[in-house]
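Raw contents of work37.txt, compact mmCIF, C-alpha atoms and all ligand atoms:
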# COMPACT_ATOMS: atom_id res chain seq x y z
CA MET A 109 24.35 0.27 1.97
CA LEU A 110 20.85 0.20 0.53
CA TYR A 111 18.34 2.49 2.20
CA ILE A 112 14.62 1.95 1.71
CA ILE A 113 13.04 5.39 2.05
CA PRO A 114 9.32 5.87 2.67
CA THR A 115 7.93 9.00 1.02
CA PRO A 116 4.67 10.95 1.63
CA ILE A 117 1.34 9.40 0.63
CA GLY A 118 -0.09 12.85 -0.08
CA ASN A 119 1.14 15.55 2.26
CA LEU A 120 4.71 16.53 1.33
CA GLU A 121 5.45 17.42 4.97
CA ASP A 122 5.24 13.73 5.90
CA ILE A 123 8.89 12.91 5.37
CA THR A 124 11.49 12.50 8.10
CA LEU A 125 14.61 14.60 8.52
CA ARG A 126 16.70 11.45 8.20
CA ALA A 127 14.97 10.47 4.94
CA LEU A 128 15.82 13.89 3.49
CA ARG A 129 19.45 13.66 4.64
CA ILE A 130 19.93 10.20 3.16
CA LEU A 131 18.28 11.19 -0.13
CA LYS A 132 20.72 14.12 -0.26
CA GLU A 133 23.81 12.09 0.66
CA SER A 134 23.18 8.98 -1.49
CA SER A 135 25.04 8.62 -4.77
CA LEU A 136 21.95 7.23 -6.50
CA VAL A 137 18.20 7.41 -5.93
CA LEU A 138 16.24 4.54 -7.49
CA ALA A 139 12.71 5.82 -8.12
CA GLU A 140 9.57 4.03 -9.30
CA ASP A 141 8.71 7.07 -11.42
CA THR A 142 11.45 9.69 -11.66
CA ARG A 143 8.94 12.43 -12.57
CA THR A 144 6.95 11.85 -9.37
CA THR A 145 10.05 11.73 -7.18
CA ARG A 146 11.47 14.81 -8.95
CA VAL A 147 8.59 16.85 -7.46
CA LEU A 148 9.55 15.70 -3.95
CA LEU A 149 13.29 16.20 -4.44
CA ASP A 150 12.78 19.65 -6.01
CA HIS A 151 10.54 20.64 -3.10
CA TYR A 152 13.41 19.86 -0.70
CA ASP A 153 16.16 21.17 -2.99
CA ILE A 154 17.79 17.73 -3.39
CA HIS A 155 19.78 17.12 -6.57
CA THR A 156 20.92 13.49 -6.24
CA HIS A 157 21.15 11.52 -9.49
CA MET A 158 18.01 9.46 -10.11
CA GLU A 159 17.34 6.32 -12.13
CA SER A 160 14.11 4.44 -12.66
CA TYR A 161 13.41 1.22 -10.80
CA HIS A 162 9.92 -0.15 -11.38
CA LYS A 163 8.09 -3.43 -11.81
CA TYR A 164 9.00 -3.62 -15.51
CA ASN A 165 12.78 -3.24 -15.06
CA GLU A 166 13.46 -4.42 -11.49
CA HIS A 167 14.53 -7.94 -12.50
CA GLY A 168 16.90 -6.59 -15.14
CA LYS A 169 18.43 -4.00 -12.79
CA LEU A 170 19.18 -6.28 -9.83
CA ALA A 171 22.76 -7.18 -10.79
CA TYR A 172 23.58 -3.56 -11.70
CA VAL A 173 22.26 -2.22 -8.38
CA ALA A 174 24.00 -4.96 -6.38
CA ASP A 175 27.31 -4.20 -8.16
CA ARG A 176 27.09 -0.50 -7.27
CA LEU A 177 26.33 -1.39 -3.66
CA GLN A 178 29.20 -3.91 -3.56
CA ALA A 179 31.48 -1.11 -4.84
CA GLY A 180 30.65 0.82 -1.67
CA GLU A 181 28.03 3.26 -2.92
CA THR A 182 25.02 4.37 -0.90
CA VAL A 183 21.80 3.81 -2.82
CA ALA A 184 18.31 5.00 -1.78
CA LEU A 185 15.17 3.29 -3.05
CA VAL A 186 11.86 5.16 -3.16
CA SER A 187 8.47 4.44 -4.70
CA ASP A 188 5.81 6.89 -5.87
CA ALA A 189 4.26 7.02 -2.40
CA GLY A 190 4.61 5.30 0.95
CA THR A 191 7.01 2.49 1.74
CA PRO A 192 8.77 0.63 -1.10
CA GLY A 193 8.03 -3.10 -0.97
CA ILE A 194 4.50 -2.53 0.35
CA SER A 195 2.36 -3.10 -2.77
CA ASP A 196 5.29 -1.51 -4.63
CA PRO A 197 8.66 -2.67 -6.01
CA GLY A 198 11.32 -3.32 -3.36
CA PHE A 199 11.18 -6.92 -2.24
CA LEU A 200 13.43 -8.30 -5.03
CA VAL A 201 16.33 -5.92 -4.42
CA VAL A 202 16.14 -6.39 -0.64
CA ARG A 203 16.22 -10.17 -1.10
CA GLU A 204 19.21 -9.86 -3.44
CA CYS A 205 21.06 -7.67 -0.92
CA VAL A 206 20.36 -10.16 1.86
CA ARG A 207 21.62 -12.95 -0.42
CA GLN A 208 24.85 -11.06 -1.18
CA GLY A 209 25.43 -9.89 2.40
CA ILE A 210 24.86 -6.23 1.49
CA GLU A 211 23.52 -4.11 4.36
CA VAL A 212 19.93 -2.88 4.02
CA GLU A 213 18.08 -0.43 6.21
CA CYS A 214 14.41 0.55 5.91
CA LEU A 215 13.57 3.90 7.47
CA PRO A 216 10.25 4.08 9.34
CA GLY A 217 7.80 6.38 7.62
CA PRO A 218 4.61 6.81 5.64
CA THR A 219 2.51 3.89 4.48
CA ALA A 220 -1.24 4.07 3.84
CA ALA A 221 -2.26 0.90 5.71
CA ILE A 222 -1.25 1.96 9.22
CA PRO A 223 -3.02 5.34 9.54
CA ALA A 224 -6.11 3.76 7.92
CA LEU A 225 -6.13 0.92 10.45
CA VAL A 226 -5.54 3.20 13.42
CA VAL A 227 -8.21 5.74 12.44
CA SER A 228 -10.75 3.06 11.46
CA GLY A 229 -12.08 2.49 14.98
CA ILE A 230 -11.76 -1.23 14.25
CA PRO A 231 -9.41 -3.17 16.59
CA CYS A 232 -5.81 -2.52 15.60
CA ASP A 233 -4.05 -4.86 18.03
CA ARG A 234 -3.95 -7.70 15.48
CA PHE A 235 -4.44 -7.34 11.73
CA VAL A 236 -3.67 -8.87 8.35
CA PHE A 237 -2.49 -6.81 5.41
CA GLU A 238 -4.04 -8.16 2.20
CA GLY A 239 -2.81 -5.43 -0.17
CA PHE A 240 -4.63 -5.50 -3.54
CA LEU A 241 -6.99 -8.44 -4.11
CA PRO A 242 -6.30 -10.34 -7.36
CA GLN A 243 -8.27 -8.64 -10.13
CA LYS A 244 -9.54 -11.80 -11.81
CA LYS A 245 -8.24 -15.31 -11.22
CA GLY A 246 -8.18 -16.26 -7.56
CA ARG A 247 -10.14 -13.21 -6.42
CA SER A 248 -13.15 -15.04 -4.97
CA THR A 249 -10.97 -17.79 -3.51
CA ARG A 250 -8.93 -15.13 -1.71
CA ILE A 251 -12.07 -13.42 -0.35
CA ALA A 252 -13.56 -16.78 0.67
CA SER A 253 -10.34 -17.65 2.53
CA LEU A 254 -10.93 -14.60 4.74
CA ALA A 255 -14.45 -15.55 5.86
CA GLU A 256 -13.26 -16.92 9.21
CA GLU A 257 -10.35 -14.49 9.69
CA LYS A 258 -10.55 -13.10 13.24
CA ARG A 259 -7.99 -10.33 12.83
CA SER A 260 -8.86 -6.96 11.27
CA MET A 261 -8.17 -6.95 7.51
CA VAL A 262 -6.59 -4.17 5.48
CA PHE A 263 -7.01 -3.91 1.69
CA TYR A 264 -5.73 -1.49 -0.92
CA GLU A 265 -8.14 -0.79 -3.77
CA SER A 266 -8.43 1.41 -6.82
CA PRO A 267 -11.45 3.76 -7.05
CA TYR A 268 -12.74 1.72 -10.02
CA ARG A 269 -13.09 -1.44 -7.93
CA VAL A 270 -13.90 -0.15 -4.42
CA LEU A 271 -17.65 -0.67 -4.71
CA LYS A 272 -17.31 -4.10 -6.34
CA THR A 273 -14.87 -5.17 -3.62
CA LEU A 274 -17.16 -3.97 -0.83
CA GLU A 275 -20.09 -5.81 -2.42
CA GLN A 276 -18.07 -9.01 -2.72
CA LEU A 277 -16.82 -8.73 0.86
CA MET A 278 -20.44 -8.25 1.99
CA ALA A 279 -21.55 -11.34 0.06
CA VAL A 280 -18.96 -13.52 1.81
CA LEU A 281 -18.48 -11.89 5.22
CA GLY A 282 -22.10 -10.84 5.78
CA SER A 283 -23.71 -7.40 5.78
CA HIS A 284 -23.12 -6.61 9.48
CA ARG A 285 -19.34 -6.50 9.60
CA GLN A 286 -17.90 -3.11 10.53
CA VAL A 287 -15.82 -1.48 7.81
CA ALA A 288 -13.93 1.79 7.40
CA VAL A 289 -13.21 3.08 3.92
CA CYS A 290 -10.35 5.57 4.15
CA ARG A 291 -10.03 7.90 1.22
CA GLU A 292 -7.24 10.34 0.26
CA LEU A 293 -5.36 10.00 3.57
CA THR A 294 -3.24 13.06 4.47
CA LYS A 295 -4.69 14.97 1.49
CA VAL A 296 -7.15 17.88 1.30
CA HIS A 297 -10.11 15.58 0.66
CA GLU A 298 -9.30 12.99 3.33
CA GLU A 299 -12.51 11.22 4.33
CA ILE A 300 -13.32 8.14 6.41
CA VAL A 301 -16.63 6.38 5.76
CA ARG A 302 -17.46 4.02 8.64
CA GLY A 303 -20.38 1.65 9.17
CA THR A 304 -21.52 -1.87 8.43
CA LEU A 305 -20.65 -3.32 5.03
CA GLU A 306 -24.29 -2.83 4.07
CA GLU A 307 -24.28 0.87 5.06
CA VAL A 308 -20.98 1.61 3.36
CA VAL A 309 -21.99 -0.21 0.16
CA SER A 310 -25.15 1.84 0.07
CA HIS A 311 -23.09 5.04 0.58
CA PHE A 312 -20.80 4.29 -2.37
CA ARG A 313 -23.74 3.34 -4.60
CA THR A 314 -24.78 6.99 -4.40
CA HIS A 315 -21.35 8.64 -4.02
CA ALA A 316 -19.01 7.58 -6.82
CA PRO A 317 -15.58 6.67 -5.32
CA ARG A 318 -12.79 9.08 -6.29
CA GLY A 319 -9.14 9.12 -5.22
CA GLU A 320 -7.09 6.54 -3.33
CA PHE A 321 -8.63 4.06 -0.90
CA VAL A 322 -7.76 1.76 1.96
CA ILE A 323 -10.49 -0.58 3.20
CA VAL A 324 -10.35 -1.86 6.78
CA VAL A 325 -12.74 -4.69 7.70
CA GLU A 326 -13.48 -6.05 11.14
CA GLY A 327 -12.49 -9.67 11.73
CA SER A 328 -14.95 -12.47 12.36
CA THR A 329 -16.45 -12.35 15.86
CA SER A 330 -17.86 -15.25 17.87
CA SER A 331 -21.40 -13.74 17.71
CA GLU A 332 -21.33 -14.35 13.95
CA LYS A 333 -20.88 -18.09 14.36
CA GLY A 334 -23.50 -20.22 12.70
CA LYS A 335 -24.66 -17.50 10.31
CA MET A 336 -24.82 -18.53 6.67
CA HIS A 337 -22.86 -16.48 4.18
CA HIS A 338 -22.94 -16.70 0.44
CA SER A 339 -19.87 -17.58 -1.52
CA LEU A 340 -18.69 -16.14 -4.80
CA ASP A 341 -17.94 -17.99 -7.98
CA ASP A 342 -14.25 -17.93 -8.98
CA ALA A 343 -15.36 -17.02 -12.51
CA GLU A 344 -16.78 -13.63 -11.37
N1 LIG B 401 3.71 1.78 -1.01
C1 LIG B 401 2.44 2.33 -0.65
C2 LIG B 401 2.24 2.25 0.86
O1 LIG B 401 3.25 2.07 1.57
O2 LIG B 401 1.13 2.39 1.33
C3 LIG B 401 1.31 1.68 -1.42
C4 LIG B 401 1.43 1.80 -2.91
S1 LIG B 401 0.11 1.10 -3.79
C5 LIG B 401 0.72 1.10 -5.43
C6 LIG B 401 -1.07 2.40 -3.90
C7 LIG B 401 -2.31 2.14 -3.04
O3 LIG B 401 -2.05 2.53 -1.69
C8 LIG B 401 -3.52 2.94 -3.47
O4 LIG B 401 -4.25 2.29 -4.50
C9 LIG B 401 -4.33 2.97 -2.18
O5 LIG B 401 -5.00 1.75 -1.97
C10 LIG B 401 -3.21 3.11 -1.14
N2 LIG B 401 -2.91 4.52 -0.88
C11 LIG B 401 -1.78 5.19 -1.18
N3 LIG B 401 -1.88 6.48 -0.79
C12 LIG B 401 -3.10 6.62 -0.21
C13 LIG B 401 -3.79 7.71 0.38
N4 LIG B 401 -3.25 8.93 0.47
N5 LIG B 401 -5.03 7.48 0.89
C14 LIG B 401 -5.60 6.26 0.80
N6 LIG B 401 -4.99 5.20 0.23
C15 LIG B 401 -3.76 5.37 -0.26

Encoding of this model in structure tokens:
Amino acid sequence: MLYIIPTPIGNLEDITLRALRILKESSLVLAEDTRTTRVLLDHYDIHTHMESYHKYNEHGKLAYVADRLQAGETVALVSDAGTPGISDPGFLVVRECVRQGIEVECLPGPTAAIPALVVSGIPCDRFVFEGFLPQKKGRSTRIASLAEEKRSMVFYESPYRVLKTLEQLMAVLGSHRQVAVCRELTKVHEEIVRGTLEEVVSHFRTHAPRGEFVIVVEGSTSSEKGKMHHSLDDAE
């Protein structure tokens, strides 16, 4: 059995009792960064053997992991924070398990997108998760493809690109869209900056972004129809 185990996105208390039990009882923990996961396991006095499983070795490790699972072992997969497979390694091994008829279970637990969406004050009944925008090629095409999206949109972004992303979203979606920029969720410096794209861009022009960010943007509303928006060049 392969267990996908969500781990805290900041606050170490955000882990379920079942996640702790399975981490303890598994014969192997696959971790994106064993040093990061060591802090969590030490905190909960868990001594299960760990091996690395990250984007640079996941292809090469698939057969090895599948063999151990086929031999009847219980393996737990964790990433540095949140739910494996969500903007983190995980998809390939789950697909391989499904292909080989190996049982997989994903525990419910922390992920940054959901608390950001729920706390944003932007409708959370329907949404699209966009993860990280492409850094170069395809970036403006991706943003342009969202111009008419009616559902709320959730993006992950690094502090170095938050302002640029907000500016590009404003250029395509217009300056009046509501946005919530959720910073350092569950951590000491958690902060939610809400407003129109124009207001939030102006905030981050004077307050340099620091930490981890989720951006939630309101979907297109009927009142926006007919307004002209700029488009970005793919070369940008
Ligand atoms: N697997 C994770 C999840 O389930 O949310 C996401 C991993 S991804 C590599 C890291 C990104 O998630 C960060 O750049 C940021 O956009 C978002 N993130 C993770 N922790 C966060 C936090 N405490 N506050 C805000 N955003 C966070």

Selection as number ranges by chain: residues within 10 Å of ligand LIG 401 (chain B) by only C-alpha atoms and all ligand atoms: A: 114-119, 186-198, 217-224, 239-240, 262-267, 270, 289-300, 319-323

Nearest to A:Phe199 among A:Leu254, A:Ala316, A:Leu170, A:Val227, with distances taken over only C-alpha atoms: which residue is it? A:Leu170

Env of A:Glu306: 7 Å cut, atoms = all atoms listed in the file, seq-sep filter 5 positions within chain, self excluded. Answer as a compact mmCIF listing (two decimals) with C-alpha atoms, in the frame of the given file.
# COMPACT_ATOMS: atom_id res chain seq x y z
CA MET A 278 -20.44 -8.25 1.99
CA SER A 283 -23.71 -7.40 5.78
CA HIS A 284 -23.12 -6.61 9.48

Compile the contact shell of A:Met109 as a VMD selection string: residues with an atom at most 6 Å away, counting only C-alpha atoms, same-chain residues fewer than 5 positions apart removed. chain A and resid 182 211 to 212

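Take the candidates A:Ala174, A:Val308, A:Val147, A:Ile230 and check each one against A:Arg207 using only C-alpha atoms; the shortest distance goes to A:Ala174.
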
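The spacing separating atom CA of A:Thr329 from atom CA of A:Leu241 amounts to 22.4 Å.
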
Nearest to A:Ile251 by atom-to-atom distance, counting all atoms listed in the file, from A:Leu177, A:Leu274, A:Leu136, A:Val287: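 Closest candidate: A:Leu274.
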
The distance between atom CA of A:Arg234 and atom CA of A:Leu281 is 18.3 Å

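Proximity to A:Ser328 was assessed for A:Lys169, A:Arg285, A:His315, A:Arg203 counting only C-alpha atoms; the smallest distance is recorded for A:Arg285.
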
Let me know the centre plus edge lengths, in Å and rounded to one decimal, of a box with edges along x, y and z that contains all listed atoms of stretch 301-309 of chain A and is padded by 3 Å on every side, as lines of an AutoDock Vina configuration file.
center_x = -20.5
center_y = 1.5
center_z = 4.7
size_x = 13.7
size_y = 15.7
size_z = 15.0

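Nearest to A:Gln286 of all the residues A:Met261, A:Val325, A:Leu271, A:Val206 is A:Val325, based on only C-alpha atoms.
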
For atom CA of A:Arg143 and atom CA of A:Thr156, determine how far apart the two atoms are, in Å to one decimal place.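 Atom-to-atom, atom CA of A:Arg143 to atom CA of A:Thr156, that is 13.6 Å.
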
Pick from A:Cys205, A:Val324, A:Ala279, A:Leu305: nearest to A:Arg259, with all atoms listed in the file counted?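 Result for the nearest residue to A:Arg259: A:Val324.
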
Using all atoms listed in the file - which residues lie no farther than 10 Å from the point (18.5, 13.7, -4.6) in the file's frame? Write them as a list in words.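 Residues with an atom at most 10 Å from (18.5, 13.7, -4.6): Leu128, Arg129, Ile130, Leu131, Lys132, Glu133, Ser134, Ser135, Leu136, Val137, Leu138, Thr145, Arg146, Leu148, Leu149, Asp150, Tyr152, Asp153, Ile154, His155, Thr156, His157, Met158 and Ala184 of chain A.
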